[in-house]
Structure formats: C-alpha cells, structure tokens
$ cat data_13.cif   # mmCIF, C-alpha atoms
data_final
loop_
_atom_site.label_atom_id
_atom_site.label_comp_id
_atom_site.auth_asym_id
_atom_site.auth_seq_id
_atom_site.Cartn_x
_atom_site.Cartn_y
_atom_site.Cartn_z
CA MET T 835 66.15 54.84 128.55
CA THR T 836 64.75 55.59 131.98
CA ALA T 837 62.51 58.53 132.76
CA HIS T 838 65.33 60.06 134.80
CA HIS T 839 67.70 59.88 131.80
CA ARG T 840 65.06 61.38 129.49
CA VAL T 841 64.52 64.29 131.88
CA ALA T 842 68.29 64.85 132.14
CA GLU T 843 68.65 64.71 128.34
CA ALA T 844 65.76 67.13 127.82
CA ARG T 845 67.24 69.50 130.40
CA GLU T 846 70.68 69.39 128.78
CA LEU T 847 69.29 69.98 125.28
CA GLY T 848 67.11 72.82 126.54
CA PHE T 849 70.05 74.55 128.21
CA LYS T 850 72.18 74.15 125.08
CA LEU T 851 69.44 75.69 122.92
CA LEU T 852 69.14 78.59 125.35
CA ASP T 853 72.92 79.06 125.35
CA VAL T 854 73.04 79.17 121.54
CA THR T 855 70.22 81.71 121.51
CA LYS T 856 72.02 83.81 124.12
CA ARG T 857 75.28 83.70 122.13
CA MET T 858 73.51 84.71 118.93
CA SER T 859 71.89 87.62 120.76
CA GLU T 860 75.26 88.66 122.22
CA ASP T 861 76.85 88.40 118.76
CA PHE T 862 74.15 90.65 117.32
CA ASP T 863 74.43 93.16 120.16
CA ALA T 864 78.21 93.41 119.73
CA ILE T 865 77.84 93.98 115.98
CA ALA T 866 75.23 96.69 116.57
CA VAL T 867 77.44 98.47 119.10
CA SER T 868 80.44 98.26 116.76
CA LEU T 869 78.38 100.22 114.22
CA GLY T 870 77.29 102.82 116.78
CA LEU T 871 73.76 101.46 117.16
CA THR T 872 71.74 99.97 119.96
CA PRO T 873 70.54 96.42 119.30
CA LEU T 874 66.98 97.73 118.85
CA GLN T 875 68.14 100.34 116.33
CA ALA T 876 70.07 97.67 114.42
CA ARG T 877 67.07 95.35 114.39
CA THR T 878 64.92 98.20 113.10
CA VAL T 879 67.35 98.95 110.27
CA LEU T 880 67.33 95.28 109.25
CA GLU T 881 63.51 95.20 109.28
CA MET T 882 63.25 98.16 106.91
CA ASP T 883 63.48 96.81 103.39
CA ALA T 884 60.93 99.24 101.93
CA PRO T 885 59.27 102.46 103.09
CA SER T 886 56.53 101.60 105.55
CA PRO T 887 54.20 103.21 108.06
CA MET T 888 55.31 103.18 111.70
CA ARG T 889 52.41 100.89 112.57
CA ALA T 890 53.59 98.24 110.09
CA LEU T 891 57.14 98.47 111.42
CA ALA T 892 55.84 98.09 114.97
CA GLU T 893 53.87 94.99 113.97
CA SER T 894 56.85 93.37 112.27
CA MET T 895 58.99 94.04 115.35
CA GLY T 896 56.30 92.92 117.79
CA CYS T 897 56.07 96.20 119.70
CA ASP T 898 53.63 99.03 120.24
CA ALA T 899 53.51 101.78 117.59
CA SER T 900 54.17 104.40 120.28
CA ASN T 901 57.60 102.81 120.89
CA VAL T 902 58.51 103.22 117.22
CA THR T 903 58.02 106.99 117.31
CA GLY T 904 60.95 107.61 119.66
CA LEU T 905 63.05 105.02 117.86
CA ALA T 906 62.30 106.67 114.51
CA ASP T 907 63.20 110.08 115.95
CA ARG T 908 66.61 108.79 117.09
CA LEU T 909 67.32 107.04 113.78
CA GLU T 910 66.28 110.17 111.90
CA ARG T 911 68.68 112.30 113.98
CA LEU T 912 71.45 109.83 113.07
CA GLY T 913 70.63 110.30 109.37
CA ILE T 914 69.66 106.63 108.95
CA ILE T 915 65.97 107.05 108.19
CA GLU T 916 63.69 109.78 106.96
CA ARG T 917 59.98 110.36 107.00
CA VAL T 918 58.52 110.46 103.51
CA PRO T 919 54.95 111.05 102.31
CA GLY T 920 52.88 108.00 101.48
CA THR T 921 50.06 107.63 99.01
CA ASP T 922 47.72 108.74 101.77
CA ARG T 923 48.90 112.24 102.74
CA ARG T 924 47.86 111.62 106.34
CA VAL T 925 50.36 108.78 106.77
CA LYS T 926 54.11 109.37 106.80
CA LEU T 927 56.31 106.45 105.86
CA LEU T 928 59.69 105.61 107.31
CA ALA T 929 62.38 105.01 104.71
CA LEU T 930 66.08 104.33 104.90
CA THR T 931 68.30 107.13 103.67
CA GLU T 932 71.26 106.37 101.42
CA ARG T 933 73.38 106.15 104.56
CA GLY T 934 70.74 103.85 106.08
CA ILE T 935 70.80 101.54 103.06
CA GLU T 936 74.59 101.29 103.23
CA LEU T 937 74.40 100.65 106.98
CA ARG T 938 71.76 97.96 106.48
CA GLU T 939 73.96 96.18 103.93
CA GLU T 940 76.99 96.35 106.24
CA LEU T 941 74.96 95.20 109.23
CA ALA T 942 73.47 92.27 107.30
CA ARG T 943 76.94 91.25 106.08
CA MET T 944 78.42 91.43 109.56
CA VAL T 945 75.56 89.43 111.09
CA ALA T 946 75.83 86.78 108.37
CA GLU T 947 79.57 86.45 108.90
CA GLY T 948 79.75 86.98 112.65
CA SER T 949 76.93 85.02 114.19
CA THR T 950 77.74 81.88 116.13
CA VAL T 951 75.68 79.69 113.82
CA MET T 952 77.18 81.09 110.61
CA ALA T 953 80.75 81.13 111.91
CA ARG T 954 80.82 77.68 113.48
CA LEU T 955 78.71 75.57 111.13
CA ASP T 956 79.42 74.81 107.51
CA ARG T 957 76.70 74.97 104.86
CA SER T 958 75.58 71.34 105.22
CA GLU T 959 75.48 71.62 109.02
CA ARG T 960 73.39 74.78 108.77
CA ALA T 961 71.00 73.02 106.37
CA ALA T 962 70.68 70.11 108.81
CA LEU T 963 70.08 72.53 111.70
CA ASP T 964 67.45 74.35 109.64
CA GLN T 965 65.59 71.07 109.05
CA LEU T 966 65.80 70.14 112.72
CA LEU T 967 64.54 73.53 113.82
CA ASP T 968 61.66 73.32 111.33
CA LYS T 969 60.79 69.92 112.76
CA LEU T 970 60.87 71.26 116.33
CA LEU T 971 58.82 74.32 115.43
CA GLY T 972 56.41 72.56 113.07
#
$ encode --input "data_13.cif" --output "structure tokens"
Amino acid sequence: MTAHHRVAEARELGFKLLDVTKRMSEDFDAIAVSLGLTPLQARTVLEMDAPSPMRALAESMGCDASNVTGLADRLERLGIIERVPGTDRRVKLLALTERGIELREELARMVAEGSTVMARLDRSERAALDQLLDKLLG
C-alpha cells in the first residue's frame, strides 16, 4: 500500500469515526429534547447515581463547579433534583427526586435503545467494536 493510499484510508476512517460520534450526539440530543430536557440536563441526570456534592458532579462532567450551580437550580425547579444535607452540614448534596429517578431510568432506556450504535449493531458487532475501540484507546 502506498503512502498516498494510507493517508486516504486514514482520512476516510477518521471521517467515519467523527460521523458516528456526531450521530450518537444527535441521537442523545433528540432523546433529551423529547423528554423536555437540554442535552446538558440529560447528561447531568444520567451522571447522578447517588447524592453527591456539586464539586464532584462538576468533576465527573468535566466542567467548572460554578456551571453546576445554575444547572442544579434549573433541575431543581423542574422537580428532578433536590439539595439534601450531607454528613458535613456545610456541604449540600444534589440528589435525584423520585421524579428524577424515574426520568433517569427512562432516559437510560431510550439512549440504550435509540443510539446509532445500539440500534444498528447486534450484540456480537457491539462486542467487536468495543474491543476495537479499547485497542485504539489503549
């Protein structure tokens, strides 16, 4: 294989990977909107599996803690999260409400069923993709 062919192959594979990523992001965004959430709100709900301080949530989402305050305020107004006392009285934790837990389960189900990867690949193809991605990322 010539260098020109290798460059063309690398370019084509790179664009395909970017397209798959873009489709998955679009899938997620559409699911979030269908549930009345912004994509960031939906991602936050999925990240919250246990009560946690805002700082920990910010770290897991890769953003500044100051950004989480406004996000938490909006989710609290929607009845999805609540602020609860932690073991240290100075730190409030964010926790999903009952409505938030139900929403998280529905969101997770819809993402699992509606994402490009899950919808278009069978179990063995997804396992093969997982191994290939691990190899690329490892």
$ residues_around --input "data_13.cif" --residues "T:Ala876" --least-positions-apart "3" --cutoff "10 Å" --atoms "only C-alpha atoms" --output "number ranges by chain"
T: 862-863, 865-867, 869-873, 879-881, 909, 937-938, 941-942
$ resolve_selection --input "data_13.cif" --expression "the PyMOL selection byres ((chain T and resi 949-965) around 8)" --output "list in words"
Val854, Arg857, Met858, Asp861, Phe862, Val945, Ala946, Glu947, Gly948, Leu966, Leu967, Asp968 and Lys969 of chain T
$ atom_distance --input "data_13.cif" --atom1 "atom CA of T:Glu939" --atom2 "atom CA of T:Ala899"
25.2 Å
$ resolve_selection --input "data_13.cif" --expression "the PyMOL selection byres ((chain T and resi 912) around 12)" --output "compact mmCIF listing (two decimals) with C-alpha atoms, in the coordinates of the input"
# COMPACT_ATOMS: atom_id res chain seq x y z
CA LEU T 869 78.38 100.22 114.22
CA GLY T 870 77.29 102.82 116.78
CA LEU T 871 73.76 101.46 117.16
CA GLN T 875 68.14 100.34 116.33
CA VAL T 879 67.35 98.95 110.27
CA LEU T 905 63.05 105.02 117.86
CA ALA T 906 62.30 106.67 114.51
CA ASP T 907 63.20 110.08 115.95
CA ARG T 908 66.61 108.79 117.09
CA LEU T 909 67.32 107.04 113.78
CA GLU T 910 66.28 110.17 111.90
CA ARG T 911 68.68 112.30 113.98
CA GLY T 913 70.63 110.30 109.37
CA ILE T 914 69.66 106.63 108.95
CA ILE T 915 65.97 107.05 108.19
CA GLU T 916 63.69 109.78 106.96
CA LEU T 930 66.08 104.33 104.90
CA THR T 931 68.30 107.13 103.67
CA ARG T 933 73.38 106.15 104.56
CA GLY T 934 70.74 103.85 106.08
CA LEU T 937 74.40 100.65 106.98
$ closest_residue --input "data_13.cif" --among "T:Gly904, T:Gly972, T:Pro887, T:Gly896" --to "T:Gly920" --atoms "only C-alpha atoms"
T:Pro887
$ axis_aligned_box --input "data_13.cif" --around "stretch 867-873 of chain T" --padding-each-side "4 Å" --output "AutoDock Vina command-line options"
--center_x 75.5 --center_y 99.6 --center_z 117.1 --size_x 17.9 --size_y 14.4 --size_z 13.7
$ atom_distance --input "data_13.cif" --atom1 "atom CA of T:Ala890" --atom2 "atom CA of T:Leu971"
25.1 Å
$ atom_distance --input "data_13.cif" --atom1 "atom CA of T:Asp898" --atom2 "atom CA of T:Leu852"
26.2 Å
$ closest_residue --input "data_13.cif" --among "T:Ala837, T:Leu851, T:Ala842, T:Leu874" --to "T:Cys897" --atoms "all atoms listed in the file"
T:Leu874
$ residues_around --input "data_13.cif" --residues "T:Val918" --least-positions-apart "2" --cutoff "9 Å" --atoms "all atoms listed in the file" --output "ChimeraX atom specification"
/T:885,916,920,925-929
$ decode --input "data_13.cif" --residues "stretch 876-890 of chain T" --atoms "all heavy atoms" --output "PDB file, in the first residue's frame"
ATOM      1  N   ALA T 876     -29.864  16.408  30.563  1.00  0.00           N
ATOM      2  CA  ALA T 876     -29.994  14.951  30.442  1.00  0.00           C
ATOM      3  C   ALA T 876     -28.699  14.258  30.865  1.00  0.00           C
ATOM      4  O   ALA T 876     -28.725  13.259  31.591  1.00  0.00           O
ATOM      5  CB  ALA T 876     -30.357  14.571  29.013  1.00  0.00           C
ATOM      6  N   ARG T 877     -27.580  14.795  30.432  1.00  0.00           N
ATOM      7  CA  ARG T 877     -26.288  14.211  30.811  1.00  0.00           C
ATOM      8  C   ARG T 877     -26.093  14.267  32.324  1.00  0.00           C
ATOM      9  O   ARG T 877     -25.601  13.324  32.949  1.00  0.00           O
ATOM     10  CB  ARG T 877     -25.167  14.965  30.094  1.00  0.00           C
ATOM     11  CG  ARG T 877     -23.839  14.299  30.218  1.00  0.00           C
ATOM     12  CD  ARG T 877     -22.825  14.916  29.271  1.00  0.00           C
ATOM     13  NE  ARG T 877     -21.533  14.726  29.875  1.00  0.00           N
ATOM     14  CZ  ARG T 877     -20.646  15.671  30.084  1.00  0.00           C
ATOM     15  NH1 ARG T 877     -20.870  16.901  29.710  1.00  0.00           N
ATOM     16  NH2 ARG T 877     -19.498  15.391  30.653  1.00  0.00           N
ATOM     17  N   THR T 878     -26.524  15.368  32.919  1.00  0.00           N
ATOM     18  CA  THR T 878     -26.419  15.524  34.369  1.00  0.00           C
ATOM     19  C   THR T 878     -27.256  14.475  35.087  1.00  0.00           C
ATOM     20  O   THR T 878     -26.793  13.834  36.040  1.00  0.00           O
ATOM     21  CB  THR T 878     -26.866  16.937  34.790  1.00  0.00           C
ATOM     22  OG1 THR T 878     -26.063  17.898  34.095  1.00  0.00           O
ATOM     23  CG2 THR T 878     -26.737  17.136  36.291  1.00  0.00           C
ATOM     24  N   VAL T 879     -28.481  14.282  34.635  1.00  0.00           N
ATOM     25  CA  VAL T 879     -29.370  13.292  35.247  1.00  0.00           C
ATOM     26  C   VAL T 879     -28.739  11.899  35.156  1.00  0.00           C
ATOM     27  O   VAL T 879     -28.760  11.131  36.122  1.00  0.00           O
ATOM     28  CB  VAL T 879     -30.765  13.325  34.585  1.00  0.00           C
ATOM     29  CG1 VAL T 879     -31.610  12.142  35.019  1.00  0.00           C
ATOM     30  CG2 VAL T 879     -31.473  14.644  34.910  1.00  0.00           C
ATOM     31  N   LEU T 880     -28.150  11.569  34.015  1.00  0.00           N
ATOM     32  CA  LEU T 880     -27.510  10.259  33.866  1.00  0.00           C
ATOM     33  C   LEU T 880     -26.286  10.111  34.763  1.00  0.00           C
ATOM     34  O   LEU T 880     -25.979   9.011  35.211  1.00  0.00           O
ATOM     35  CB  LEU T 880     -27.118  10.011  32.409  1.00  0.00           C
ATOM     36  CG  LEU T 880     -28.262   9.708  31.465  1.00  0.00           C
ATOM     37  CD1 LEU T 880     -27.738   9.584  30.033  1.00  0.00           C
ATOM     38  CD2 LEU T 880     -29.002   8.443  31.873  1.00  0.00           C
ATOM     39  N   GLU T 881     -25.587  11.191  35.029  1.00  0.00           N
ATOM     40  CA  GLU T 881     -24.391  11.146  35.888  1.00  0.00           C
ATOM     41  C   GLU T 881     -24.736  10.926  37.355  1.00  0.00           C
ATOM     42  O   GLU T 881     -23.915  10.465  38.129  1.00  0.00           O
ATOM     43  CB  GLU T 881     -23.593  12.451  35.765  1.00  0.00           C
ATOM     44  CG  GLU T 881     -22.797  12.584  34.502  1.00  0.00           C
ATOM     45  CD  GLU T 881     -21.586  11.678  34.445  1.00  0.00           C
ATOM     46  OE1 GLU T 881     -20.968  11.402  35.493  1.00  0.00           O
ATOM     47  OE2 GLU T 881     -21.266  11.235  33.338  1.00  0.00           O
ATOM     48  N   MET T 882     -25.957  11.270  37.747  1.00  0.00           N
ATOM     49  CA  MET T 882     -26.321  11.260  39.163  1.00  0.00           C
ATOM     50  C   MET T 882     -26.875   9.898  39.580  1.00  0.00           C
ATOM     51  O   MET T 882     -28.061   9.654  39.492  1.00  0.00           O
ATOM     52  CB  MET T 882     -27.345  12.363  39.443  1.00  0.00           C
ATOM     53  CG  MET T 882     -26.794  13.753  39.228  1.00  0.00           C
ATOM     54  SD  MET T 882     -27.968  15.024  39.649  1.00  0.00           S
ATOM     55  CE  MET T 882     -28.160  14.733  41.407  1.00  0.00           C
ATOM     56  N   ASP T 883     -25.998   9.034  40.038  1.00  0.00           N
ATOM     57  CA  ASP T 883     -26.468   7.738  40.508  1.00  0.00           C
ATOM     58  C   ASP T 883     -26.558   7.674  42.030  1.00  0.00           C
ATOM     59  O   ASP T 883     -27.127   6.751  42.584  1.00  0.00           O
ATOM     60  CB  ASP T 883     -25.613   6.598  39.959  1.00  0.00           C
ATOM     61  CG  ASP T 883     -24.142   6.746  40.316  1.00  0.00           C
ATOM     62  OD1 ASP T 883     -23.749   7.796  40.838  1.00  0.00           O
ATOM     63  OD2 ASP T 883     -23.393   5.795  40.055  1.00  0.00           O
ATOM     64  N   ALA T 884     -26.006   8.667  42.698  1.00  0.00           N
ATOM     65  CA  ALA T 884     -26.080   8.757  44.164  1.00  0.00           C
ATOM     66  C   ALA T 884     -25.947  10.230  44.531  1.00  0.00           C
ATOM     67  O   ALA T 884     -25.368  11.013  43.777  1.00  0.00           O
ATOM     68  CB  ALA T 884     -24.953   7.949  44.804  1.00  0.00           C
ATOM     69  N   PRO T 885     -26.480  10.622  45.689  1.00  0.00           N
ATOM     70  CA  PRO T 885     -26.309  12.015  46.113  1.00  0.00           C
ATOM     71  C   PRO T 885     -24.829  12.390  46.144  1.00  0.00           C
ATOM     72  O   PRO T 885     -23.995  11.603  46.602  1.00  0.00           O
ATOM     73  CB  PRO T 885     -26.913  12.040  47.518  1.00  0.00           C
ATOM     74  CG  PRO T 885     -27.897  10.919  47.521  1.00  0.00           C
ATOM     75  CD  PRO T 885     -27.279   9.849  46.651  1.00  0.00           C
ATOM     76  N   SER T 886     -24.527  13.566  45.612  1.00  0.00           N
ATOM     77  CA  SER T 886     -23.125  13.985  45.581  1.00  0.00           C
ATOM     78  C   SER T 886     -23.014  15.498  45.651  1.00  0.00           C
ATOM     79  O   SER T 886     -23.942  16.212  45.272  1.00  0.00           O
ATOM     80  CB  SER T 886     -22.436  13.462  44.314  1.00  0.00           C
ATOM     81  OG  SER T 886     -23.042  14.018  43.173  1.00  0.00           O
ATOM     82  N   PRO T 887     -21.871  15.975  46.126  1.00  0.00           N
ATOM     83  CA  PRO T 887     -21.645  17.416  46.159  1.00  0.00           C
ATOM     84  C   PRO T 887     -21.535  17.963  44.724  1.00  0.00           C
ATOM     85  O   PRO T 887     -21.162  17.243  43.806  1.00  0.00           O
ATOM     86  CB  PRO T 887     -20.306  17.581  46.875  1.00  0.00           C
ATOM     87  CG  PRO T 887     -19.949  16.248  47.415  1.00  0.00           C
ATOM     88  CD  PRO T 887     -20.756  15.237  46.704  1.00  0.00           C
ATOM     89  N   MET T 888     -21.853  19.239  44.567  1.00  0.00           N
ATOM     90  CA  MET T 888     -21.771  19.864  43.245  1.00  0.00           C
ATOM     91  C   MET T 888     -20.372  19.743  42.660  1.00  0.00           C
ATOM     92  O   MET T 888     -20.213  19.528  41.463  1.00  0.00           O
ATOM     93  CB  MET T 888     -22.186  21.331  43.325  1.00  0.00           C
ATOM     94  CG  MET T 888     -23.676  21.515  43.340  1.00  0.00           C
ATOM     95  SD  MET T 888     -24.134  23.217  43.048  1.00  0.00           S
ATOM     96  CE  MET T 888     -24.785  23.632  44.645  1.00  0.00           C
ATOM     97  N   ARG T 889     -19.364  19.868  43.499  1.00  0.00           N
ATOM     98  CA  ARG T 889     -17.980  19.785  43.012  1.00  0.00           C
ATOM     99  C   ARG T 889     -17.696  18.418  42.377  1.00  0.00           C
ATOM    100  O   ARG T 889     -17.087  18.322  41.320  1.00  0.00           O
ATOM    101  CB  ARG T 889     -16.996  20.058  44.144  1.00  0.00           C
ATOM    102  CG  ARG T 889     -15.549  20.055  43.700  1.00  0.00           C
ATOM    103  CD  ARG T 889     -14.598  20.514  44.779  1.00  0.00           C
ATOM    104  NE  ARG T 889     -14.945  21.745  45.441  1.00  0.00           N
ATOM    105  CZ  ARG T 889     -14.753  22.973  44.943  1.00  0.00           C
ATOM    106  NH1 ARG T 889     -14.233  23.102  43.753  1.00  0.00           N
ATOM    107  NH2 ARG T 889     -15.080  24.043  45.623  1.00  0.00           N
ATOM    108  N   ALA T 890     -18.171  17.354  43.004  1.00  0.00           N
ATOM    109  CA  ALA T 890     -17.951  16.012  42.464  1.00  0.00           C
ATOM    110  C   ALA T 890     -18.693  15.836  41.139  1.00  0.00           C
ATOM    111  O   ALA T 890     -18.171  15.226  40.198  1.00  0.00           O
ATOM    112  CB  ALA T 890     -18.403  14.949  43.473  1.00  0.00           C
TER     113      ALA T 890
END
